[in-house]
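Everything on this sheet refers to the single structure shown next.
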Amino acid sequence: MQIQSERLRRHFVQLAEYGKIGETGVCRPTLSNVEKEAFAVVSEWMREAGMTVRIDDCGNLIGRKEGKCDGPMLMMGSHLDSQPYGGRFDGTAGVLAAIESVATMTEHGVIPDVPIEVVAFCDEEGWRFNKGLFGSRAIFGQLEPGELARTDKDGITREQALRDFGCDPTQIASCVYPDGAVGCYLELHIEQGPILEREGKPIGIVSGIAGPIWWTVTLRGFAGHAGSVPMDLRRDALVGAAETIVALNEIVTQEKGIQTVGTVGNMTIFPNSRNIIPEEVQFTVDLRDIDLDRRNRYEAQLRDAIERVAGRYGLQYEIREDTNSEPRYCAEWIKQFIREESVGLVDGCPELMSGPFHDALAASYVCDYGMIFVRSKDGISHNPAEFSSDADLALGTQLLCQTALRVTKELRRRTSMETGMVSQPML
């Protein structure tokens, strides 16, 4: 049962037009008009694949293919929102691969053993409202107080953005899936790193997702004339921020050969004038590791560094924790299915961890999950130069399709055993 690689390629080309920047880039903000347009065309592809389609009040686009029995479903998907200066494949690959997998089943008259839902989750990226995985966390009951009140750079709240998108934020609680409704989650994603390319492998099996912690740090000093205040009397918040950034880099590189990463990717300065000493600086910290103990240790070191810097320059500081997730590991039985189904498709399928987080991270708290990585050229992502070949994407989608069928059989077997209907495996 082969997927239609040409149809898959065509879908990538068509979807890249929604929010296109330059020749290869995409800017498709969450809950924007351009994302609504993308949802409309993807909804049509879902219907053509044999799914019923809806958009829930969390802003998730959901397609459903009914199964032979009504047990816990297989969920697949990713997201369609992009970074502000992003590429064509991040998130998109997981949604289109899942749709193509279901379309292939439908065309071959295959009814999955349990229902399959394909989801384009709302706001995975998190840059517009400074907290990601919104749609996946919402349906899995993981939202935190105040999330609807978060604002974007224009002062628009997430609540208002949802309303403008056609959703009713007062109904979010009704979107939460009941316990046990989702039996398994599968996601295909581009690697966004260099390992597969370095090893000469088109696809890989994900072992787990590193645990991210996101902060927003504010340092406050005192503004003054850049030409008249002596250096030893200054309370320069930007100098403090600069030293903190250097400290972060030193902390995460203190051990060689480990997978810890730390990034400051956004900064705002007040008053932001060339001849005024910066009074306030706000910046983000992104710290990730697959080893939770090490991440916790580095977090404590960074807190100590901020306190020392603030004391040295007479600054006040505030650390706001925006995201804190522990590392989450893929289910061994799903990895084994992917391994077995890859035989005959590729010569070896390496196992590797994911530094970036994905909607699978939210799903991991309610069900077993597995992920397939597709090779990224030069390891580039979150950049218009992001690229995965048609051949690699088709290969990953074929593997996803075959794995999905195995998973639905296993979910039905487990459901049947729980009800005492059968005792033999259906692997």
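Residue numbering restarts at 1 in every chain; chains get A, B, ... in the order shown in the structure tokens, and ligands count up from 1 in that same order.
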
Can you check which parts of stretch 148-186 of chain A lie within 10 Å of stretch 45-59 of chain A? Per residue, the shortest pair of atoms and distance in Å to one decimal, counting only C-alpha atoms, sorted by chain and number, as a Markdown table.
```
| residue | atom | partner | partner_atom | distance |
| --- | --- | --- | --- | --- |
| A:Glu159 | CA | A:Cys58 | CA | 9.8 |
| A:Ala161 | CA | A:Gly59 | CA | 9.6 |
| A:Leu162 | CA | A:Gly59 | CA | 6.7 |
| A:Arg163 | CA | A:Asp57 | CA | 8.8 |
| A:Phe165 | CA | A:Gly59 | CA | 7.5 |
| A:Gly166 | CA | A:Asp57 | CA | 8.0 |
| A:Cys167 | CA | A:Asp57 | CA | 4.5 |
| A:Asp168 | CA | A:Asp57 | CA | 5.3 |
| A:Pro169 | CA | A:Asp57 | CA | 6.1 |
| A:Thr170 | CA | A:Asp57 | CA | 8.3 |
| A:Gln171 | CA | A:Asp57 | CA | 6.3 |
| A:Ile172 | CA | A:Asp57 | CA | 5.7 |
| A:Ala173 | CA | A:Asp57 | CA | 9.1 |
| A:Ser174 | CA | A:Asp57 | CA | 8.5 |
| A:Cys175 | CA | A:Asp56 | CA | 6.8 |
| A:Val176 | CA | A:Cys58 | CA | 9.5 |
```

Convert the current residue selection to file output with C-alpha atoms, as an mmCIF file, in the first residue's frame.
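What landed in out.cif:
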```
data_model
loop_
_atom_site.group_PDB
_atom_site.id
_atom_site.type_symbol
_atom_site.label_atom_id
_atom_site.label_comp_id
_atom_site.auth_asym_id
_atom_site.auth_seq_id
_atom_site.Cartn_x
_atom_site.Cartn_y
_atom_site.Cartn_z
ATOM 1 C CA GLU A 159 -8.760 35.188 24.058
ATOM 2 C CA ALA A 161 -7.438 36.152 18.848
ATOM 3 C CA LEU A 162 -9.450 32.964 19.368
ATOM 4 C CA ARG A 163 -12.700 34.900 19.033
ATOM 5 C CA PHE A 165 -10.616 33.108 14.534
ATOM 6 C CA GLY A 166 -14.202 31.982 15.070
ATOM 7 C CA CYS A 167 -13.717 30.118 18.353
ATOM 8 C CA ASP A 168 -15.514 30.493 21.673
ATOM 9 C CA PRO A 169 -12.897 30.607 24.459
ATOM 10 C CA THR A 170 -15.573 30.037 27.107
ATOM 11 C CA GLN A 171 -15.980 26.508 25.720
ATOM 12 C CA ILE A 172 -12.347 25.408 25.979
ATOM 13 C CA ALA A 173 -13.088 23.061 28.874
ATOM 14 C CA SER A 174 -15.490 21.124 26.643
ATOM 15 C CA CYS A 175 -12.647 20.476 24.165
ATOM 16 C CA VAL A 176 -10.657 18.376 26.644
#
```

Considering only C-alpha atoms, give me a table of residues in stretch 187-299 of chain A that are at most 10 Å from stretch 83-92 of chain A, with the closest atom pair and distance in Å for each, as CSV.
```
residue,atom,partner,partner_atom,distance
A:Glu187,CA,A:Gly91,CA,9.5
A:Leu188,CA,A:Gly91,CA,8.5
A:His189,CA,A:Gly91,CA,6.5
A:Ile190,CA,A:Asp90,CA,6.3
A:Glu191,CA,A:Asp90,CA,8.9
A:Gln192,CA,A:Asp90,CA,8.0
```

> With distances taken over only C-alpha atoms, which of A:Pro384, A:Gly221, A:Gly126, A:Pro178 is nearest to A:Phe357?
Replying inline: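 For A:Phe357, the nearest of the candidates is A:Gly126.
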
> Residues of stretch 146-237 of chain A in strand (DSSP E or B) according to DSSP, as a ChimeraX atom specification?
Replying inline: /A:151,157,182-190,203-209,211-220,222,225,235

Selected residues written out, N, CA, C and O atoms, as a short mmCIF file (atom, residue, chain, number, x, y, z; two decimals), in the first residue's frame:
```cif
data_model
loop_
_atom_site.label_atom_id
_atom_site.label_comp_id
_atom_site.auth_asym_id
_atom_site.auth_seq_id
_atom_site.Cartn_x
_atom_site.Cartn_y
_atom_site.Cartn_z
N THR A 151 -0.82 38.47 25.90
CA THR A 151 -0.96 39.39 24.78
C THR A 151 0.18 39.25 23.80
O THR A 151 1.29 38.83 24.15
N THR A 157 -5.08 39.99 23.07
CA THR A 157 -5.02 38.83 23.95
C THR A 157 -5.26 37.54 23.16
O THR A 157 -5.86 37.56 22.08
N VAL A 182 -7.61 8.87 23.84
CA VAL A 182 -6.48 8.78 22.91
C VAL A 182 -5.58 7.65 23.38
O VAL A 182 -5.02 7.69 24.47
N GLY A 183 -5.46 6.61 22.54
CA GLY A 183 -4.67 5.46 22.91
C GLY A 183 -3.20 5.61 22.59
O GLY A 183 -2.34 5.00 23.23
N CYS A 184 -2.90 6.44 21.58
CA CYS A 184 -1.52 6.60 21.14
C CYS A 184 -1.42 7.85 20.28
O CYS A 184 -2.39 8.26 19.63
N TYR A 185 -0.24 8.46 20.28
CA TYR A 185 0.01 9.63 19.43
C TYR A 185 1.26 9.39 18.60
O TYR A 185 2.31 8.96 19.12
N LEU A 186 1.16 9.65 17.30
CA LEU A 186 2.29 9.55 16.37
C LEU A 186 2.50 10.89 15.69
O LEU A 186 1.53 11.56 15.31
N GLU A 187 3.75 11.27 15.54
CA GLU A 187 4.06 12.53 14.86
C GLU A 187 5.30 12.36 13.99
O GLU A 187 6.33 11.86 14.44
N LEU A 188 5.18 12.79 12.75
CA LEU A 188 6.34 12.93 11.86
C LEU A 188 6.77 14.38 11.89
O LEU A 188 5.94 15.28 11.88
N HIS A 189 8.08 14.59 11.93
CA HIS A 189 8.59 15.96 11.98
C HIS A 189 9.95 15.99 11.31
O HIS A 189 10.68 14.99 11.30
N ILE A 190 10.29 17.12 10.71
CA ILE A 190 11.66 17.27 10.24
C ILE A 190 12.58 17.31 11.45
O ILE A 190 12.20 17.76 12.53
N ILE A 203 15.76 9.06 7.34
CA ILE A 203 14.76 9.11 8.41
C ILE A 203 15.35 8.49 9.67
O ILE A 203 16.31 7.71 9.63
N GLY A 204 14.76 8.84 10.81
CA GLY A 204 15.22 8.33 12.09
C GLY A 204 14.08 8.12 13.05
O GLY A 204 12.95 8.61 12.84
N ILE A 205 14.36 7.40 14.12
CA ILE A 205 13.39 7.11 15.18
C ILE A 205 13.73 7.99 16.38
O ILE A 205 14.87 8.01 16.84
N VAL A 206 12.75 8.69 16.88
CA VAL A 206 12.98 9.59 18.02
C VAL A 206 12.94 8.78 19.32
O VAL A 206 12.03 7.98 19.53
N SER A 207 13.93 9.01 20.17
CA SER A 207 13.98 8.31 21.46
C SER A 207 13.24 9.07 22.55
O SER A 207 12.70 8.47 23.48
N GLY A 208 13.23 10.39 22.45
CA GLY A 208 12.56 11.20 23.45
C GLY A 208 12.73 12.68 23.16
O GLY A 208 13.48 13.06 22.25
N ILE A 209 12.05 13.52 23.91
CA ILE A 209 12.08 14.96 23.72
C ILE A 209 12.72 15.61 24.94
O ILE A 209 12.32 15.35 26.08
N GLY A 211 13.60 18.19 27.82
CA GLY A 211 12.71 19.02 28.63
C GLY A 211 13.10 20.49 28.55
O GLY A 211 14.21 20.86 28.93
N PRO A 212 12.20 21.35 28.04
CA PRO A 212 12.51 22.77 27.95
C PRO A 212 12.06 23.55 29.18
O PRO A 212 11.03 23.25 29.79
N ILE A 213 12.86 24.53 29.55
CA ILE A 213 12.41 25.53 30.52
C ILE A 213 12.59 26.88 29.87
O ILE A 213 13.64 27.18 29.31
N TRP A 214 11.52 27.69 29.88
CA TRP A 214 11.55 29.03 29.30
C TRP A 214 11.36 30.05 30.41
O TRP A 214 10.45 29.92 31.24
N TRP A 215 12.22 31.06 30.39
CA TRP A 215 12.07 32.20 31.31
C TRP A 215 11.91 33.48 30.52
O TRP A 215 12.38 33.60 29.39
N THR A 216 11.28 34.45 31.17
CA THR A 216 11.40 35.85 30.77
C THR A 216 12.06 36.57 31.93
O THR A 216 11.53 36.58 33.05
N VAL A 217 13.24 37.12 31.69
CA VAL A 217 14.04 37.77 32.73
C VAL A 217 13.98 39.28 32.54
O VAL A 217 14.15 39.78 31.42
N THR A 218 13.72 40.01 33.60
CA THR A 218 13.71 41.47 33.57
C THR A 218 14.77 42.00 34.53
O THR A 218 14.79 41.61 35.71
N LEU A 219 15.66 42.84 34.01
CA LEU A 219 16.66 43.54 34.82
C LEU A 219 16.34 45.03 34.81
O LEU A 219 16.12 45.60 33.74
N ARG A 220 16.31 45.65 35.99
CA ARG A 220 15.98 47.08 36.09
C ARG A 220 17.12 47.84 36.77
O ARG A 220 17.56 47.48 37.86
N PHE A 222 18.89 52.14 36.20
CA PHE A 222 18.46 53.54 36.27
C PHE A 222 18.99 54.25 35.04
O PHE A 222 20.17 54.16 34.70
N HIS A 225 22.20 60.09 31.45
CA HIS A 225 22.82 60.59 30.24
C HIS A 225 24.07 59.77 29.92
O HIS A 225 24.95 59.58 30.77
N ARG A 235 24.03 52.19 36.68
CA ARG A 235 23.23 50.99 36.92
C ARG A 235 22.63 50.59 35.57
O ARG A 235 21.46 50.80 35.29
#
```

>> Please determine, counting only C-alpha atoms, which residue among A:Ile334, A:Ala226, A:Cys349, A:Ile245 has the shortest atom-to-atom distance to A:Ala404.
In response: A:Ile334

>> When you count only C-alpha atoms, which of these residues is closest to A:Gly265: A:Asn130, A:Asn60, A:Gln160, A:Ser325?
In response: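 Distance minimum relative to A:Gly265 lands on A:Asn130.
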
> In Å, how far is it from atom CA of A:Leu31 to atom CA of A:Glu125?
Replying inline: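 The value is 11.7 Å.
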
>> I want to know what sits within 8 Å of stretch 93-106 of chain A, based on only C-alpha atoms, with residues of the same chain fewer than 4 positions away left out; could you give that as an NGL selection string?
In response: :A and (1-4 or 8 or 11-12 or 45-46 or 48-50 or 65 or 76-80 or 89 or 110-112 or 118-120 or 187-190 or 393 or 396-398 or 400-401)

>> Quick check, in Å to one decimal: how far apart do atom CA of A:Leu74 and atom CA of A:Ala16 lie?
In response: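 Computed distance, atom CA of A:Leu74 to atom CA of A:Ala16, equals 27.2 Å.
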
> What is the atom CA of A:Glu318-atom CA of A:Gln259 distance in Å, reported with one decimal?
Replying inline: 27.5 Å

>> I need the residues in stretch 347-398 of chain A that are alpha helix (DSSP H) according to DSSP; give them as a ChimeraX atom specification.
In response: /A:359-363,390-398

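In this comparison, which uses only C-alpha atoms, the residue of A:Gln402, A:Thr415, A:Ser389, A:Asn324 approaching A:Leu345 most closely is A:Gln402.
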
> Could you name the residues that touch A:Glu326 at 10 Å or less, counting only C-alpha atoms, but leaving out those on the same chain fewer than 2 positions away, as a PyMOL selection string?
Replying inline: chain A and resi 209-213+288-293+295-296+324+328-329+361

I want to know what sits within 10 Å of A:Ala391, based on only C-alpha atoms, with residues of the same chain fewer than 6 positions away left out; could you give that as a CSV table (one decimal) with C-alpha atoms, in the first residue's frame?
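The new file result_37.csv reads:
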```csv
chain,number,residue,atom,x,y,z
A,5,SER,CA,4.3,10.9,-3.3
A,6,GLU,CA,3.3,13.4,-6.1
A,9,ARG,CA,4.7,17.0,-2.9
A,202,PRO,CA,16.9,9.9,5.4
A,397,THR,CA,5.3,9.4,5.2
```

> Between A:Ala394, A:Ala385, A:Val246, A:Ile380, which has the minimum distance to A:Ile21 (counting only C-alpha atoms)?
Replying inline: A:Ala385

> Contacts of A:Val309 at 8 Å or less, counting only C-alpha atoms, minus same-chain residues fewer than 6 places along, as a PyMOL selection string?
Replying inline: chain A and resi 240+243-244+315

> What's the 9 Å shell around A:Leu302, counting only C-alpha atoms, without same-chain residues fewer than 4 positions away, as a count of residues only?
Replying inline: 8

>> Here is a test: counting only C-alpha atoms, which residue of A:Val252, A:Gly262, A:Lys335, A:Ser43 is nearest to A:Gly370?
In response: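 For A:Gly370, the nearest of the candidates is A:Lys335.
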